[in-house]
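Below: data36.tsv (TSV, C-alpha atoms and all ligand atoms)
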```tsv
chain	number	residue	atom	x	y	z
A	1	MET	CA	-20.49	-9.89	1.06
A	2	THR	CA	-21.69	-6.45	0.10
A	3	THR	CA	-19.42	-3.52	0.84
A	4	ILE	CA	-21.03	-1.77	3.81
A	5	SER	CA	-18.55	0.95	4.55
A	6	ASN	CA	-16.77	3.77	2.75
A	7	LEU	CA	-13.66	5.53	4.03
A	8	HIS	CA	-13.25	7.99	1.17
A	9	THR	CA	-15.86	10.73	1.52
A	10	HIS	CA	-15.91	14.52	1.43
A	11	SER	CA	-18.30	17.06	2.97
A	12	LEU	CA	-18.94	20.80	2.97
A	13	PHE	CA	-15.77	21.17	5.08
A	14	CYS	CA	-13.83	20.84	1.79
A	15	ASP	CA	-15.16	20.27	-1.74
A	16	GLY	CA	-18.13	18.00	-0.95
A	17	ARG	CA	-21.71	19.09	-1.55
A	18	ASN	CA	-23.37	17.80	1.62
A	19	THR	CA	-23.02	18.21	5.37
A	20	ILE	CA	-21.45	15.51	7.51
A	21	ASP	CA	-24.89	14.74	8.92
A	22	GLU	CA	-26.45	14.36	5.46
A	23	MET	CA	-23.65	12.00	4.40
A	24	ILE	CA	-24.18	9.88	7.53
A	25	GLN	CA	-27.93	9.71	6.91
A	26	ALA	CA	-27.26	8.54	3.34
A	27	ALA	CA	-24.85	5.89	4.64
A	28	ILE	CA	-27.46	4.62	7.11
A	29	ARG	CA	-30.03	4.42	4.28
A	30	ALA	CA	-27.47	2.44	2.24
A	31	GLY	CA	-27.16	-0.08	5.10
A	32	PHE	CA	-23.58	0.84	6.08
A	33	ILE	CA	-22.14	-0.27	9.41
A	34	SER	CA	-19.47	2.46	9.33
A	35	LEU	CA	-18.49	5.60	7.47
A	36	GLY	CA	-15.19	7.46	7.37
A	37	PHE	CA	-14.61	11.08	6.42
A	38	SER	CA	-11.46	11.93	4.50
A	39	GLY	CA	-11.60	15.68	3.94
A	40	HIS	CA	-8.76	17.23	1.93
A	41	CYS	CA	-6.07	18.25	4.42
A	42	PRO	CA	-5.02	21.90	4.66
A	43	THR	CA	-2.19	22.36	2.13
A	44	GLY	CA	-1.16	25.99	2.31
A	45	PHE	CA	-1.50	26.44	-1.45
A	46	LEU	CA	-4.81	25.08	-2.81
A	47	ALA	CA	-7.97	27.21	-3.10
A	48	ASP	CA	-10.05	27.34	0.07
A	49	ASP	CA	-12.96	25.42	-1.48
A	50	CYS	CA	-10.60	22.48	-2.28
A	51	GLN	CA	-9.34	21.90	1.26
A	52	ILE	CA	-10.39	22.07	4.91
A	53	THR	CA	-9.83	25.52	6.36
A	54	ASP	CA	-11.54	24.90	9.74
A	55	ILE	CA	-9.67	21.77	10.85
A	56	ASP	CA	-10.75	22.04	14.51
A	57	GLY	CA	-14.40	22.48	13.49
A	58	TYR	CA	-14.07	19.43	11.23
A	59	PHE	CA	-12.73	17.13	13.95
A	60	ASN	CA	-15.17	18.49	16.55
A	61	GLU	CA	-18.15	17.86	14.32
A	62	LEU	CA	-16.92	14.34	13.51
A	63	GLU	CA	-16.39	13.58	17.21
A	64	ASN	CA	-19.91	14.82	18.01
A	65	ALA	CA	-21.34	12.74	15.16
A	66	ARG	CA	-19.45	9.68	16.36
A	67	ARG	CA	-21.08	10.01	19.78
A	68	ARG	CA	-24.52	10.89	18.43
A	69	TYR	CA	-24.68	7.92	16.05
A	70	ALA	CA	-23.02	5.36	18.35
A	71	GLY	CA	-25.01	2.12	18.17
A	72	THR	CA	-26.38	3.00	14.72
A	73	ILE	CA	-23.27	3.51	12.61
A	74	THR	CA	-19.58	3.86	13.48
A	75	ILE	CA	-18.04	7.16	12.36
A	76	PHE	CA	-14.30	7.33	11.65
A	77	LYS	CA	-12.25	10.51	11.48
A	78	GLY	CA	-9.79	10.73	8.63
A	79	LEU	CA	-8.06	13.00	6.15
A	80	GLU	CA	-7.00	12.72	2.53
A	81	LEU	CA	-3.40	13.91	2.68
A	82	GLU	CA	-1.62	15.75	-0.13
A	83	SER	CA	2.00	14.78	-0.84
A	84	ARG	CA	3.38	18.18	0.16
A	85	ILE	CA	2.38	21.11	2.35
A	86	SER	CA	3.12	24.53	0.86
A	87	GLY	CA	4.98	22.73	-1.93
A	88	GLU	CA	7.80	21.61	0.36
A	89	LYS	CA	7.22	19.74	3.59
A	90	ARG	CA	5.52	16.38	3.96
A	91	PRO	CA	2.20	16.45	5.83
A	92	VAL	CA	2.23	15.37	9.47
A	93	ILE	CA	-0.55	13.01	10.49
A	94	ASP	CA	-3.01	14.72	12.81
A	95	PRO	CA	-3.34	12.62	16.01
A	96	ARG	CA	-7.12	13.06	15.88
A	97	CYS	CA	-7.26	10.83	12.78
A	98	ASP	CA	-8.43	7.21	13.01
A	99	TYR	CA	-6.93	6.60	9.53
A	100	THR	CA	-5.49	8.55	6.60
A	101	ILE	CA	-5.48	8.28	2.81
A	102	GLY	CA	-2.42	9.51	0.91
A	103	SER	CA	-3.19	10.87	-2.56
A	104	ASP	CA	-1.14	12.49	-5.28
A	105	HIS	CA	-3.33	14.94	-7.26
A	106	LEU	CA	-0.37	16.89	-8.59
A	107	PHE	CA	3.38	16.68	-8.89
A	108	TRP	CA	6.01	19.37	-8.46
A	109	THR	CA	8.70	20.69	-10.76
A	110	GLN	CA	10.92	23.75	-10.31
A	111	GLU	CA	8.20	25.83	-12.01
A	112	GLY	CA	5.59	24.74	-9.48
A	113	PRO	CA	2.79	22.16	-9.27
A	114	TYR	CA	1.14	20.40	-12.22
A	115	SER	CA	-2.25	18.73	-11.80
A	116	VAL	CA	-3.23	15.40	-13.38
A	117	ASP	CA	-6.68	15.57	-11.85
A	118	TYR	CA	-8.25	18.99	-12.37
A	119	THR	CA	-9.08	19.24	-16.14
A	120	PRO	CA	-7.80	17.72	-19.42
A	121	GLU	CA	-6.30	21.16	-20.17
A	122	GLU	CA	-4.27	21.05	-16.95
A	123	TRP	CA	-3.23	17.48	-17.79
A	124	ASN	CA	-1.95	18.69	-21.17
A	125	LYS	CA	-0.01	21.48	-19.46
A	126	ALA	CA	1.65	18.82	-17.29
A	127	LEU	CA	2.46	16.82	-20.43
A	128	LYS	CA	4.01	19.87	-22.08
A	129	ALA	CA	6.06	20.66	-18.98
A	130	THR	CA	7.42	17.11	-18.71
A	131	GLY	CA	7.82	16.43	-22.46
A	132	SER	CA	6.31	12.92	-22.77
A	133	VAL	CA	3.72	10.62	-21.23
A	134	GLU	CA	6.52	8.47	-19.76
A	135	LYS	CA	8.05	11.52	-18.08
A	136	LEU	CA	4.65	12.64	-16.79
A	137	MET	CA	4.11	9.16	-15.33
A	138	GLU	CA	7.59	9.18	-13.78
A	139	CYS	CA	7.00	12.58	-12.16
A	140	TYR	CA	3.59	11.49	-10.86
A	141	PHE	CA	4.80	8.14	-9.49
A	142	GLU	CA	8.09	9.47	-8.05
A	143	GLU	CA	6.03	12.02	-6.09
A	144	LEU	CA	3.60	9.34	-4.88
A	145	CYS	CA	6.28	6.74	-4.06
A	146	SER	CA	8.46	9.09	-2.01
A	147	PHE	CA	5.33	10.37	-0.22
A	148	ALA	CA	4.22	6.79	0.58
A	149	GLU	CA	7.71	5.82	1.73
A	150	GLU	CA	8.12	8.83	4.02
A	151	VAL	CA	4.65	9.31	5.55
A	152	PRO	CA	2.91	6.53	7.51
A	153	PHE	CA	-0.58	6.96	6.03
A	154	ASP	CA	-2.79	3.86	5.72
A	155	ILE	CA	-4.35	3.85	2.25
A	156	ILE	CA	-2.94	4.79	-1.17
A	157	GLY	CA	-5.70	6.78	-2.92
A	158	HIS	CA	-6.60	6.37	-6.64
A	159	VAL	CA	-3.14	5.10	-7.55
A	160	ASP	CA	-3.35	5.68	-11.34
A	161	LEU	CA	-5.12	9.04	-11.18
A	162	TYR	CA	-3.13	10.26	-14.21
A	163	THR	CA	-5.51	8.12	-16.35
A	164	LYS	CA	-8.60	10.04	-15.16
A	165	PHE	CA	-9.27	11.76	-18.50
A	166	ASN	CA	-7.97	8.92	-20.66
A	167	GLU	CA	-11.05	6.72	-21.10
A	168	GLY	CA	-10.89	5.12	-24.57
A	169	GLY	CA	-7.26	6.31	-24.96
A	170	LYS	CA	-8.26	9.97	-25.51
A	171	LEU	CA	-4.88	11.31	-24.29
A	172	PHE	CA	-2.52	8.38	-24.83
A	173	ASP	CA	-2.66	4.68	-25.73
A	174	ASP	CA	-2.42	3.16	-22.27
A	175	THR	CA	-2.55	-0.38	-23.72
A	176	LEU	CA	1.02	0.03	-25.05
A	177	PRO	CA	3.43	-2.28	-23.17
A	178	LYS	CA	5.86	0.58	-22.45
A	179	TYR	CA	3.26	2.40	-20.33
A	180	LYS	CA	2.11	-0.76	-18.56
A	181	THR	CA	5.67	-1.81	-17.75
A	182	LEU	CA	6.47	1.63	-16.35
A	183	ALA	CA	3.28	1.71	-14.23
A	184	LEU	CA	3.97	-1.79	-12.85
A	185	HIS	CA	7.54	-0.86	-11.94
A	186	TYR	CA	6.12	1.81	-9.62
A	187	ILE	CA	3.24	-0.39	-8.41
A	188	ASP	CA	5.83	-2.94	-7.24
A	189	ARG	CA	7.67	-0.15	-5.37
A	190	LEU	CA	4.45	1.11	-3.77
A	191	ALA	CA	3.44	-2.44	-2.79
A	192	ARG	CA	6.63	-2.72	-0.74
A	193	THR	CA	5.36	0.07	1.56
A	194	GLY	CA	2.82	-2.41	2.98
A	195	LYS	CA	-0.05	0.04	2.58
A	196	ILE	CA	-3.62	-0.74	1.54
A	197	PHE	CA	-4.51	0.14	-2.07
A	198	GLU	CA	-7.83	1.82	-2.68
A	199	VAL	CA	-10.22	0.56	-5.38
A	200	ASN	CA	-11.86	3.88	-6.10
A	201	THR	CA	-15.16	4.16	-8.05
A	202	GLY	CA	-15.22	7.99	-7.89
A	203	ALA	CA	-14.40	8.63	-11.55
A	204	ILE	CA	-17.20	6.27	-12.67
A	205	GLY	CA	-19.57	8.27	-10.48
A	206	LYS	CA	-18.39	11.46	-12.21
A	207	GLY	CA	-18.65	9.91	-15.69
A	208	TYR	CA	-14.90	10.05	-16.47
A	209	ARG	CA	-14.21	6.31	-16.44
A	210	ASP	CA	-15.99	2.99	-17.00
A	211	THR	CA	-13.94	1.09	-14.41
A	212	PRO	CA	-12.56	1.98	-10.98
A	213	TYR	CA	-8.98	3.03	-10.25
A	214	PRO	CA	-6.68	1.20	-10.55
A	215	SER	CA	-6.87	-0.23	-14.08
A	216	PRO	CA	-7.47	-4.01	-14.30
A	217	PHE	CA	-3.84	-4.83	-15.23
A	218	ILE	CA	-2.70	-3.08	-12.03
A	219	LEU	CA	-5.33	-4.92	-9.97
A	220	LYS	CA	-3.95	-8.18	-11.37
A	221	ARG	CA	-0.44	-7.30	-10.21
A	222	LEU	CA	-1.75	-6.27	-6.77
A	223	HIS	CA	-3.42	-9.65	-6.47
A	224	GLU	CA	-0.20	-11.45	-7.46
A	225	LEU	CA	1.68	-9.46	-4.82
A	226	LYS	CA	-1.03	-10.25	-2.20
A	227	VAL	CA	-1.56	-6.53	-1.55
A	228	PRO	CA	-4.60	-5.63	0.63
A	229	VAL	CA	-7.29	-3.55	-1.07
A	230	ILE	CA	-10.34	-1.55	0.02
A	231	ILE	CA	-13.33	-0.38	-2.03
A	232	SER	CA	-14.39	3.26	-1.70
A	233	SER	CA	-16.28	5.78	-3.82
A	234	ASP	CA	-14.46	9.09	-3.16
A	235	SER	CA	-17.96	10.40	-2.55
A	236	HIS	CA	-18.53	14.15	-2.75
A	237	SER	CA	-22.32	13.93	-2.28
A	238	ILE	CA	-25.07	11.73	-0.86
A	239	SER	CA	-25.87	10.34	-4.34
A	240	THR	CA	-22.51	8.55	-4.66
A	241	ILE	CA	-22.09	7.17	-1.15
A	242	ASN	CA	-21.90	3.57	-2.48
A	243	CYS	CA	-21.83	4.11	-6.24
A	244	HIS	CA	-20.67	1.14	-8.36
A	245	PHE	CA	-19.61	-0.89	-5.31
A	246	ASP	CA	-21.17	-4.08	-6.77
A	247	GLU	CA	-19.19	-3.59	-9.95
A	248	ALA	CA	-15.95	-3.02	-8.04
A	249	GLU	CA	-16.55	-6.20	-6.03
A	250	ARG	CA	-17.25	-8.17	-9.21
A	251	LEU	CA	-14.05	-6.86	-10.79
A	252	LEU	CA	-11.97	-7.77	-7.74
A	253	LYS	CA	-13.42	-11.28	-7.67
A	254	GLU	CA	-12.73	-11.73	-11.40
A	255	VAL	CA	-9.08	-10.88	-10.77
A	256	GLY	CA	-8.99	-13.43	-7.92
A	257	PHE	CA	-9.39	-11.37	-4.77
A	258	THR	CA	-11.45	-13.04	-2.04
A	259	THR	CA	-11.09	-10.37	0.65
A	260	GLN	CA	-10.89	-6.63	1.18
A	261	MET	CA	-9.91	-4.55	4.19
A	262	ARG	CA	-12.29	-2.89	6.64
A	263	LEU	CA	-11.57	-0.41	9.42
A	264	THR	CA	-12.90	-1.34	12.86
A	265	GLU	CA	-12.53	0.20	16.32
A	266	ASN	CA	-9.49	-2.09	16.66
A	267	GLY	CA	-7.86	-1.17	13.37
A	268	PHE	CA	-7.97	-2.69	9.89
A	269	ILE	CA	-9.13	-6.27	9.41
A	270	SER	CA	-9.58	-8.46	6.35
A	271	VAL	CA	-13.19	-9.39	5.46
A	272	PRO	CA	-14.61	-11.68	2.73
A	273	LEU	CA	-15.71	-10.05	-0.51
A	301	ZN	ZN	-8.31	12.45	-4.27
A	302	ZN	ZN	-11.04	12.35	-2.37
```
When written as structure tokens, how does the structure in this file appear?
Ligand SMILES: [Zn+2]
Ligand SMILES: [Zn+2]
Amino acid sequence: MTTISNLHTHSLFCDGRNTIDEMIQAAIRAGFISLGFSGHCPTGFLADDCQITDIDGYFNELENARRRYAGTITIFKGLELESRISGEKRPVIDPRCDYTIGSDHLFWTQEGPYSVDYTPEEWNKALKATGSVEKLMECYFEELCSFAEEVPFDIIGHVDLYTKFNEGGKLFDDTLPKYKTLALHYIDRLARTGKIFEVNTGAIGKGYRDTPYPSPFILKRLHELKVPVIISSDSHSISTINCHFDEAERLLKEVGFTTQMRLTENGFISVPL
């Protein structure tokens, strides 16, 4: 079955390039039955153009859109949560959300936050601060694991985001067993949270990667552990609303998956791939 929904999308309320209405129109053209918005939650420390500043306006517009498009497409209200607010507290889930994605774009040390997502230069700063790729991975995953264990969000976003700039092993040789073993140690820990793992095509859409997050060896482990997955495109514009979904489905089937998750008015259900 073709993927006909996407729960990871951004709009002009944060760092997306289109209005909520334009994104919905694109989803209707793509034949979607539902669309979820997952704007970057207010963090207290990121630049205004990277996060929602008008949270009430965001939820009001989504609620209006939900009513306006009822019968044509189902609109879900969500947020992409950051692991910490103002560098300290965990985010609290806004009761207006139908679902939430938890993502780790940066990790914290005593000197402050380091990003694995912004630019290769920032990634190298994080490497320098931690001292080795293994340490960088440990910092990233410890942040994500504790976040996932403490906050009841639904979906783990782009779980191996630290590989964003590493296509072709540009930054480190991710085929080395020591890196794979370390990643799988944390994947096993994250799987125990019972959350859904996102299969995210966003970095293909942006030209950073040839395959979705997570890497195929992680997908294999997720399949062995019978972890539920969901395909999304982390879309920041109308042109990527369903980008590379066919490829993501093919990859999941190759690994052995036969189903993915879908959000409905009654919560998440499993549907055939
Ligand atoms: Zn993200
Ligand atoms: Zn996102």
Problem set entry | Contacts to ligand ZN 302 (chain A) at 9 Å cut-off (all atoms listed in the file) as a list of chain:residue names |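 If we count all atoms listed in the file, the neighbours of ligand ZN 302 (chain A) turn out to be A:His8, A:Thr9, A:His10, A:Asp15, A:Ser38, A:Gly39, A:His40, A:Glu80, A:Ile101, A:Ser103, A:Gly157, A:His158, A:Gly202, A:Ser233, A:Asp234, A:Ser235, A:His236.
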For this session: Mind giving me the straight-line distance from CA of Phe172 in chain A to CA of Cys145 in chain A in Å, one decimal?
Result: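 CA of Cys145 in chain A lies at a distance of 22.6 Å from CA of Phe172 in chain A.
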For this session: In the coordinate frame of the file, compute which residues have an atom within 6 Å of (-15.3, 1.3, -5.5) when using all atoms listed in the file, and state them as a list in words.
Result: Val199, Asn200, Thr201, Ile231, Ser232, Ser233, Phe245 and Ala248 of chain A
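For Thr100 in chain A, the set of protein, DNA and RNA residues having any atom at most 7 Å away, when counting all atoms listed in the file and skipping those fewer than 6 positions along the same chain, is Gly78, Leu79, Glu80, Leu81, Phe153, Asp154 and Ile155 of chain A.
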Output C-alpha atoms of each residue in that selection to a file, as a CSV table (one decimal), in the coordinates of the input.
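Saved to out37.csv:
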```csv
chain,number,residue,atom,x,y,z
A,78,GLY,CA,-9.8,10.7,8.6
A,79,LEU,CA,-8.1,13.0,6.2
A,80,GLU,CA,-7.0,12.7,2.5
A,81,LEU,CA,-3.4,13.9,2.7
A,153,PHE,CA,-0.6,7.0,6.0
A,154,ASP,CA,-2.8,3.9,5.7
A,155,ILE,CA,-4.4,3.8,2.2
```
For this session: Identify which of the residues A:Glu88, A:Arg67, A:Gly31, A:Lys164 lies closest to ligand ZN 301 (chain A), counting all atoms listed in the file when measuring atom-to-atom distances.
Result: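 Counting all atoms listed in the file, the residue closest to ligand ZN 301 (chain A) is A:Lys164.
For the choices A:Gln25, A:Ser115, A:Thr74, A:Thr181, the atom-to-atom distance to ligand ZN 301 (chain A) is smallest for A:Ser115 when using only C-alpha atoms and all ligand atoms.
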For this session: Could you tell me which of A:Gly131, A:Gly256, A:Gly16, A:Gly102 comes closest to ligand ZN 301 (chain A) if we count only C-alpha atoms and all ligand atoms?
Result: A:Gly102
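Residue neighbourhood of Arg250 in chain A, excluding near-sequence residues (fewer than 6 positions): Met1, Thr2, Thr3, Val199, Thr211, Pro212, Pro216, Ile231, His244, Gly256, Phe257, Thr258, Thr259 and Leu273 of chain A, at 12 Å, using all atoms listed in the file.
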For this session: Would you mind reading off the distance between CA of Thr163 in chain A and CA of Glu142 in chain A, one decimal, in Å?
Result: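 Interatomic distance, CA of Thr163 in chain A to CA of Glu142 in chain A: 16.0 Å.
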For this session: Write out as an NGL selection string each polymer residue whose atoms come within 8 Å of Val227 in chain A, counting all atoms listed in the file; drop sequence neighbours fewer than 5 positions from it.
Result: :A and (191 or 194-197 or 222)
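The two atoms in question, CA of Thr130 in chain A and CA of Ser215 in chain A, are spaced 22.9 Å apart.
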For this session: Write out as a PyMOL selection string each polymer residue whose atoms come within 12 Å of Asn60 in chain A, counting only C-alpha atoms; drop sequence neighbours fewer than 3 positions from it.
Result: chain A and resi 13+20+54-57+63-67+77+96-97
Exercise. Which one of A:Tyr69, A:Tyr118, A:Tyr179, A:Trp123 sits closest to Cys50 in chain A if you count all atoms listed in the file?
Worked result: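 Closest to Cys50 in chain A, using all atoms listed in the file: A:Tyr118.
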Problem set entry | Distance criterion (only C-alpha atoms and all ligand atoms): nearest to ligand ZN 301 (chain A) out of A:Asp104, A:Glu143, A:Glu121, A:Glu254 |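 Residue with the minimum atom-to-atom distance to ligand ZN 301 (chain A): A:Asp104.
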